[in-house]
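This report refers to the structure that appears directly beneath it.
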Amino acid sequence: MKRRGLCMLLALLLLLSLAACGGAGGASSDAAGAENGAAASTGDAVAMDSGTTESTADFSAVRQNAKLILSADLSLETQDYEASCAAIEQMAAKAGGYIQSSGSYGEKGSRTANYTLRVPQEKFETFFTQLGETCHVVSSNRWSEDVTEQYTDIETRLATLQTKHERLLALLDQAAKMEDIISLENALADCEYEIDSLTGEKRHYDDLVGFSTFNVTLSEVQTLTAVSEGSGFGAQVAHAAQSGLGGLTTAVRGLILIVVTLWPVLVLLGIAGVVFWRVRIYRKTKAQKQIQNDPPQDKTE
């Protein structure tokens with residue numbers, strides 16, 4: 001009995017030991033699995049971060065997808081009017097653009113040309129820089145208008161109308177009554193009118209987005225206008241000196257033009273002045289001779 005009890009006790013201890021080893025192994029496997037899962041999650045997180053960085057850094061792609069209308073206004077000056085006009089027109093043609101409107105007025109020496117140029121949007125920055133290199137820039141301004149929302153709305157409405165148009169055509173094919181046919185034809189006419197209107201509006205936006213607009217004013221001058229290159233005291237003094245020199249030159253030119261314009265009047269005034277001076281001298285001389293020829297009279301009391 002004692003041996004049997006001892007054997008049962010040993011068997012029970014062995015079973016408990018085996019159970020403890022199995023639990024430890026399972027816990028180790030679960031821990032390893034958890035570590036592998038955490039590592040996989042970390043790897044996915046890194047991949048998402050890197051993907052996010054790449055997408056946010058590509059700003060040019062965002063700009064290309066947006067519908068932007070680019071425009072610029074420039075006030076230019078030149079001392080070689082014909083060459084500058086020819087250069088502007090050639091640059092627009094070389095960039096793949098065209099002259100929407102142009103005009104010139106004034107006399108030689110003070111002529112002014114106005115241009116409205118349309119240049120492909122991808123050439124906007126290049127053409128803007130070329131204008132500044134060709135002529136003297138007095139002032140410039142550029143801006144953009146985002147019409148993405150309006151453009152998307154037009155596309156959505158066009159898609160809806162196209163679907164409606166197809167359904168109306170299908171119903172018209174199945175219609176048997178004259179009243180239904182007339183009603184469907186009227187609905188088709190209204191639908192086609194809206195489609196044509198939206199298509200024209202979409203084409204207008206495509207033109208504005210595809211070709212940027214440059215409003216250019218080119219003035220012929222003898223002296224270029226001084227443009228300040230800074231806000232400091234030295235820049236202001238230099239600008240004032242250049243402006244003063246330009247003002248003096250303009251004043252001299254104006255005086256010469258006045259003299260040339262009024263030369264007949266000035267000649268007449270000169271002749272009148274000479275005649276008046278001679279008459280005055282003649283009268284003065286005659287009065288002196290008369291005093292000399294007349295003897296003095298004796299006064300008696």
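Labeling convention for the structure tokens: chains A, B, ... as they appear, residues from 1 per chain, ligands from 1 in order of appearance.
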Residue neighbourhood A:Phe211, 12 Å, only C-alpha atoms, exclusion window fewer than 2 positions, as a PyMOL selection string: chain A and resi 67-72+92+95-100+116-124+204-209+213-214
For the helix (DSSP H, G or I) assignment from backbone DSSP, which residues of stretch 151-288 of chain A qualify? Please present them as JSON, numbers by chain. {"A": [151, 152, 153, 154, 155, 156, 157, 158, 159, 160, 161, 162, 163, 164, 165, 166, 167, 168, 169, 170, 171, 172, 173, 174, 178, 179, 180, 181, 182, 183, 184, 185, 186, 187, 188, 189, 190, 191, 192, 193, 194, 195, 196, 197, 198, 199, 200, 201, 202, 203, 204, 205, 206, 207, 208, 209, 210, 233, 234, 235, 236, 237, 238, 239, 240, 241, 242, 243, 244, 245, 246, 247, 248, 249, 250, 251, 252, 253, 254, 255, 256, 257, 258, 259, 260, 261, 263, 264, 265, 266, 267, 268, 269, 270, 271, 272, 273, 274, 275, 276, 277, 278, 279, 280, 281, 282, 283, 284, 285, 286, 287, 288]}
What separation in Å, quoted to one decimal, exists between atom CA of A:Ala66 and atom CA of A:Glu145?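 Separating atom CA of A:Ala66 from atom CA of A:Glu145 is a distance of 10.2 Å.
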Looking only at strand (DSSP E or B) from DSSP on the backbone, list the matching residues of stretch 116-300 of chain A as a list of chain:residue names.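 In stretch 116-300 of chain A, DSSP puts these residues in strand (DSSP E or B): A:Thr116, A:Leu117, A:Arg118, A:Val119, A:Pro120, A:His136, A:Val137, A:Val138, A:Ser139, A:Ser140, A:Asn141, A:Arg142, A:Trp143, A:Ser144, A:Glu145, A:Asp146, A:Phe211, A:Ser212, A:Thr213, A:Phe214, A:Asn215, A:Val216, A:Thr217, A:Leu218, A:Ser219, A:Glu220.
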Between atom CA of A:Gly109 and atom CA of A:Ala83, what distance in Å does the model show, to one decimal?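 Computing it gives 13.7 Å between the two atoms.
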Selection near A:Thr217, 6 Å with only C-alpha atoms, sequence-local residues under 5 positions removed, as a count of residues only: 4
